[in-house]
Amino acid sequence: MNTTTAKDLTMPTPEPAVPARRPAITEKARTVCGSLALLVLFIAAWQWGPGLLGMPEYILPNFMQVVRESVVMWNNAQLLQHFGITAMEVVLGFFFGALLGLAVGVALGLSPRAEAMLSPYILALQIAPKVAFAPLFVMWLGYTIYPKIIVAVLIVFFPIMINVLSAIRTVDPDMVNLVRTLNAGRWQIFQLVEFRSALPALFSGLRIASTLSVIGVTVGELVGGNQGLGYLLVDGEGQGNTAAVFVSIVALTLIGVVTYGVVVWAERRVLHYLPKANTSTV
């Protein structure tokens, strides 16, 4: 007869679990490395591409020529001062245009009658080319920063207004009724439901507007300006200095990228409670 000993009844001791190894390179690091690789590839193509294609420097200067020209403009053409003026105009135009678009979008979203009355005129203002307004503003306000800011405000206003208006109109009515059952007033309904529901659409409009504000200011400076990067761009064109034109374009692009980055940073801080997709755009 077989006997079972205590040793036989003892359960085998499980082996300790091996902790999962972290990947050597995270997904974010891969994205950054890929982006930097594309930047290096672009700069290399810019540096050696024109020579390989036989393009003269006055048509397409290489990268190092543009860098040298930026140093010359920094020392002799007050590049930093003009950069600061354009950046200030972009920030002010973006701020006031966003504020106006938010206010009008909320007002029209809450009042269908006001939208029906004002929408034809707002649409006409949007359709009218902003370049045509720039000389008029210069004639009224002179060669100051105000015409550039107003042009930027007009360009920034519409996308924000449309996004906010659409978001206010599509608020879930069940949420509004739920808040009303809790004896919430009109201001509380707007603050707790309507405005919060419009925040994602508002930031989408702000992303678009952050790039359009640079275009608006540049248009104003091209038409009538004696300072700013747009003025340097026109001045470089008049002298046939293609490298100076590229320096102005790169500086304008840098302002737009920084403005867009600030909007994205603010959006992540404000809308941190929203679920994130596995893959996201810029």
# chains A, B, ... in the order shown; residues from 1 in each chain; ligands from 1
call {"tool": "residues_around", "arguments": {"residues": "A:Val151", "least_positions_apart": "5", "cutoff": "8 Å", "atoms": "only C-alpha atoms", "output": "ChimeraX atom specification"}}
result
/A:93,130,133-134,216-217,219-220
call {"tool": "write_last_selection", "arguments": {"atoms": "all heavy atoms", "output": "compact mmCIF listing (two decimals), in the first residue's frame"}}
result
# COMPACT_ATOMS: atom_id res chain seq x y z
N GLY A 93 -2.87 90.70 -31.72
CA GLY A 93 -3.91 90.37 -32.69
C GLY A 93 -4.58 89.05 -32.37
O GLY A 93 -5.81 88.93 -32.48
N LYS A 130 -8.86 90.31 -46.80
CA LYS A 130 -8.24 91.13 -45.75
C LYS A 130 -7.13 92.01 -46.29
O LYS A 130 -6.83 93.06 -45.74
CB LYS A 130 -7.70 90.22 -44.64
CG LYS A 130 -8.72 89.26 -44.07
CD LYS A 130 -9.96 89.98 -43.56
CE LYS A 130 -10.98 89.00 -43.03
NZ LYS A 130 -11.57 88.14 -44.08
N PHE A 133 -8.33 95.41 -46.98
CA PHE A 133 -8.54 96.28 -45.82
C PHE A 133 -7.24 96.90 -45.31
O PHE A 133 -7.26 97.98 -44.72
CB PHE A 133 -9.19 95.50 -44.67
CG PHE A 133 -10.65 95.22 -44.89
CD1 PHE A 133 -11.08 93.95 -45.24
CD2 PHE A 133 -11.59 96.22 -44.75
CE1 PHE A 133 -12.42 93.68 -45.44
CE2 PHE A 133 -12.93 95.97 -44.94
CZ PHE A 133 -13.35 94.70 -45.28
N ALA A 134 -6.13 96.20 -45.51
CA ALA A 134 -4.87 96.67 -44.94
C ALA A 134 -4.49 98.08 -45.40
O ALA A 134 -4.14 98.92 -44.56
CB ALA A 134 -3.76 95.67 -45.26
N GLY A 216 -1.96 87.40 -40.78
CA GLY A 216 -2.58 88.72 -40.73
C GLY A 216 -1.58 89.83 -40.48
O GLY A 216 -1.61 90.86 -41.15
N VAL A 217 -0.70 89.61 -39.52
CA VAL A 217 0.31 90.64 -39.23
C VAL A 217 1.26 90.81 -40.40
O VAL A 217 1.64 91.95 -40.76
CB VAL A 217 1.08 90.25 -37.95
CG1 VAL A 217 2.32 91.12 -37.78
CG2 VAL A 217 0.18 90.37 -36.73
N VAL A 219 0.65 90.33 -43.59
CA VAL A 219 -0.05 91.08 -44.63
C VAL A 219 -0.04 92.57 -44.32
O VAL A 219 0.23 93.41 -45.20
CB VAL A 219 -1.50 90.56 -44.78
CG1 VAL A 219 -2.33 91.51 -45.62
CG2 VAL A 219 -1.50 89.17 -45.40
N GLY A 220 -0.32 92.91 -43.07
CA GLY A 220 -0.31 94.33 -42.70
C GLY A 220 1.06 94.96 -42.86
O GLY A 220 1.18 96.11 -43.31
call {"tool": "residues_around", "arguments": {"residues": "stretch 164-168 of chain A", "least_positions_apart": "4", "cutoff": "9 Å", "atoms": "only C-alpha atoms", "output": "compact mmCIF listing (two decimals) with C-alpha atoms, in the first residue's frame"}}
result
# COMPACT_ATOMS: atom_id res chain seq x y z
CA GLY A 101 -14.55 85.51 -31.59
CA LEU A 102 -15.37 83.89 -28.25
CA ALA A 103 -17.75 86.67 -27.23
CA VAL A 104 -19.59 86.79 -30.56
CA GLY A 105 -19.70 82.99 -30.85
CA VAL A 106 -21.26 82.65 -27.41
CA ALA A 107 -23.74 85.46 -28.06
CA LEU A 108 -24.88 84.04 -31.38
CA GLY A 109 -24.96 80.51 -30.03
CA LEU A 110 -27.29 81.52 -27.21
CA PRO A 159 -12.61 80.45 -37.09
CA ILE A 160 -12.96 80.91 -33.35
CA GLU A 194 -22.45 75.21 -22.22
CA PHE A 195 -19.03 76.84 -21.80
CA SER A 197 -18.82 71.77 -23.64
CA ALA A 198 -17.49 74.45 -25.98
CA LEU A 199 -13.90 74.31 -24.66
CA PRO A 200 -12.63 71.55 -27.03
CA ALA A 201 -14.05 73.40 -30.05
CA LEU A 202 -12.63 76.67 -28.72
CA GLY A 205 -10.27 77.27 -33.25
call {"tool": "residues_around", "arguments": {"residues": "A:Arg68", "least_positions_apart": "5", "cutoff": "9 Å", "atoms": "only C-alpha atoms", "output": "PyMOL selection string"}}
result
chain A and resi 63+73+243
call {"tool": "residues_around", "arguments": {"residues": "A:Leu274", "least_positions_apart": "3", "cutoff": "12 Å", "atoms": "only C-alpha atoms", "output": "MDAnalysis selection string"}}
result
chainID A and resid 196:197 199:200 267:271 277
call {"tool": "write_last_selection", "arguments": {"atoms": "C-alpha atoms", "output": "short mmCIF file (atom, residue, chain, number, x, y, z; two decimals), in the first residue's frame"}}
result
data_model
loop_
_atom_site.label_atom_id
_atom_site.label_comp_id
_atom_site.auth_asym_id
_atom_site.auth_seq_id
_atom_site.Cartn_x
_atom_site.Cartn_y
_atom_site.Cartn_z
CA ARG A 196 -17.32 73.63 -20.69
CA SER A 197 -18.82 71.77 -23.64
CA LEU A 199 -13.90 74.31 -24.66
CA PRO A 200 -12.63 71.55 -27.03
CA GLU A 267 -5.08 73.00 -24.18
CA ARG A 268 -3.40 70.07 -22.44
CA ARG A 269 -3.53 71.89 -19.12
CA VAL A 270 -7.18 72.93 -19.42
CA LEU A 271 -8.56 69.77 -21.07
CA ALA A 277 -6.28 58.90 -28.29
#
call {"tool": "select_by_dssp", "arguments": {"residues": "stretch 53-91 of chain A", "states": "helix (DSSP H, G or I)", "output": "PyMOL selection string"}}
result
chain A and resi 53+63-76+79-91
call {"tool": "write_last_selection", "arguments": {"atoms": "N, CA and C atoms", "output": "mmCIF file, in the first residue's frame"}}
result
data_model
loop_
_atom_site.group_PDB
_atom_site.id
_atom_site.type_symbol
_atom_site.label_atom_id
_atom_site.label_comp_id
_atom_site.auth_asym_id
_atom_site.auth_seq_id
_atom_site.Cartn_x
_atom_site.Cartn_y
_atom_site.Cartn_z
ATOM 1 N N LEU A 53 21.643 70.941 -57.985
ATOM 2 C CA LEU A 53 20.695 71.268 -59.050
ATOM 3 C C LEU A 53 21.176 72.413 -59.931
ATOM 4 N N PHE A 63 21.715 76.775 -46.988
ATOM 5 C CA PHE A 63 21.417 76.976 -45.569
ATOM 6 C C PHE A 63 22.456 77.857 -44.883
ATOM 7 N N MET A 64 23.720 77.599 -45.107
ATOM 8 C CA MET A 64 24.769 78.371 -44.427
ATOM 9 C C MET A 64 24.779 79.824 -44.880
ATOM 10 N N GLN A 65 24.430 80.082 -46.131
ATOM 11 C CA GLN A 65 24.346 81.467 -46.574
ATOM 12 C C GLN A 65 23.233 82.202 -45.839
ATOM 13 N N VAL A 66 22.116 81.529 -45.618
ATOM 14 C CA VAL A 66 21.018 82.142 -44.864
ATOM 15 C C VAL A 66 21.440 82.381 -43.424
ATOM 16 N N VAL A 67 22.190 81.439 -42.844
ATOM 17 C CA VAL A 67 22.672 81.625 -41.467
ATOM 18 C C VAL A 67 23.607 82.822 -41.390
ATOM 19 N N ARG A 68 24.513 82.943 -42.349
ATOM 20 C CA ARG A 68 25.422 84.092 -42.351
ATOM 21 C C ARG A 68 24.659 85.396 -42.511
ATOM 22 N N GLU A 69 23.636 85.392 -43.363
ATOM 23 C CA GLU A 69 22.839 86.603 -43.565
ATOM 24 C C GLU A 69 22.074 86.956 -42.291
ATOM 25 N N SER A 70 21.624 85.947 -41.550
ATOM 26 C CA SER A 70 20.920 86.237 -40.297
ATOM 27 C C SER A 70 21.850 86.908 -39.289
ATOM 28 N N VAL A 71 23.126 86.514 -39.273
ATOM 29 C CA VAL A 71 24.095 87.165 -38.384
ATOM 30 C C VAL A 71 24.311 88.612 -38.803
ATOM 31 N N VAL A 72 24.412 88.847 -40.104
ATOM 32 C CA VAL A 72 24.577 90.221 -40.601
ATOM 33 C C VAL A 72 23.357 91.062 -40.243
ATOM 34 N N MET A 73 22.155 90.522 -40.428
ATOM 35 C CA MET A 73 20.943 91.267 -40.099
ATOM 36 C C MET A 73 20.815 91.489 -38.597
ATOM 37 N N TRP A 74 21.286 90.549 -37.796
ATOM 38 C CA TRP A 74 21.258 90.718 -36.344
ATOM 39 C C TRP A 74 22.136 91.891 -35.924
ATOM 40 N N ASN A 75 23.286 92.033 -36.594
ATOM 41 C CA ASN A 75 24.227 93.092 -36.213
ATOM 42 C C ASN A 75 23.902 94.433 -36.844
ATOM 43 N N ASN A 76 23.393 94.439 -38.087
ATOM 44 C CA ASN A 76 23.240 95.688 -38.835
ATOM 45 C C ASN A 76 21.799 96.100 -39.084
ATOM 46 N N LEU A 79 17.636 92.907 -36.379
ATOM 47 C CA LEU A 79 16.732 91.782 -36.572
ATOM 48 C C LEU A 79 15.939 91.478 -35.308
ATOM 49 N N LEU A 80 16.583 91.524 -34.149
ATOM 50 C CA LEU A 80 15.893 91.208 -32.899
ATOM 51 C C LEU A 80 14.777 92.207 -32.613
ATOM 52 N N GLN A 81 15.030 93.482 -32.889
ATOM 53 C CA GLN A 81 13.998 94.497 -32.650
ATOM 54 C C GLN A 81 12.794 94.269 -33.559
ATOM 55 N N HIS A 82 13.019 94.019 -34.824
ATOM 56 C CA HIS A 82 11.916 93.762 -35.751
ATOM 57 C C HIS A 82 11.182 92.462 -35.391
ATOM 58 N N PHE A 83 11.933 91.472 -34.946
ATOM 59 C CA PHE A 83 11.317 90.212 -34.504
ATOM 60 C C PHE A 83 10.390 90.466 -33.318
ATOM 61 N N GLY A 84 10.845 91.260 -32.359
ATOM 62 C CA GLY A 84 10.024 91.563 -31.186
ATOM 63 C C GLY A 84 8.766 92.330 -31.544
ATOM 64 N N ILE A 85 8.861 93.271 -32.488
ATOM 65 C CA ILE A 85 7.685 94.047 -32.898
ATOM 66 C C ILE A 85 6.647 93.129 -33.546
ATOM 67 N N THR A 86 7.088 92.276 -34.461
ATOM 68 C CA THR A 86 6.147 91.362 -35.111
ATOM 69 C C THR A 86 5.546 90.392 -34.108
ATOM 70 N N ALA A 87 6.360 89.871 -33.187
ATOM 71 C CA ALA A 87 5.839 88.945 -32.174
ATOM 72 C C ALA A 87 4.787 89.626 -31.305
ATOM 73 N N MET A 88 5.025 90.880 -30.929
ATOM 74 C CA MET A 88 4.045 91.610 -30.123
ATOM 75 C C MET A 88 2.752 91.819 -30.894
ATOM 76 N N GLU A 89 2.852 92.168 -32.171
ATOM 77 C CA GLU A 89 1.646 92.346 -32.988
ATOM 78 C C GLU A 89 0.875 91.043 -33.128
ATOM 79 N N VAL A 90 1.582 89.929 -33.280
ATOM 80 C CA VAL A 90 0.923 88.627 -33.400
ATOM 81 C C VAL A 90 0.193 88.281 -32.106
ATOM 82 N N VAL A 91 0.834 88.486 -30.975
ATOM 83 C CA VAL A 91 0.212 88.161 -29.686
ATOM 84 C C VAL A 91 -1.018 89.027 -29.446
#
call {"tool": "atom_distance", "arguments": {"atom1": "atom CA of A:Ile149", "atom2": "atom CA of A:Leu92"}}
result
6.6 Å
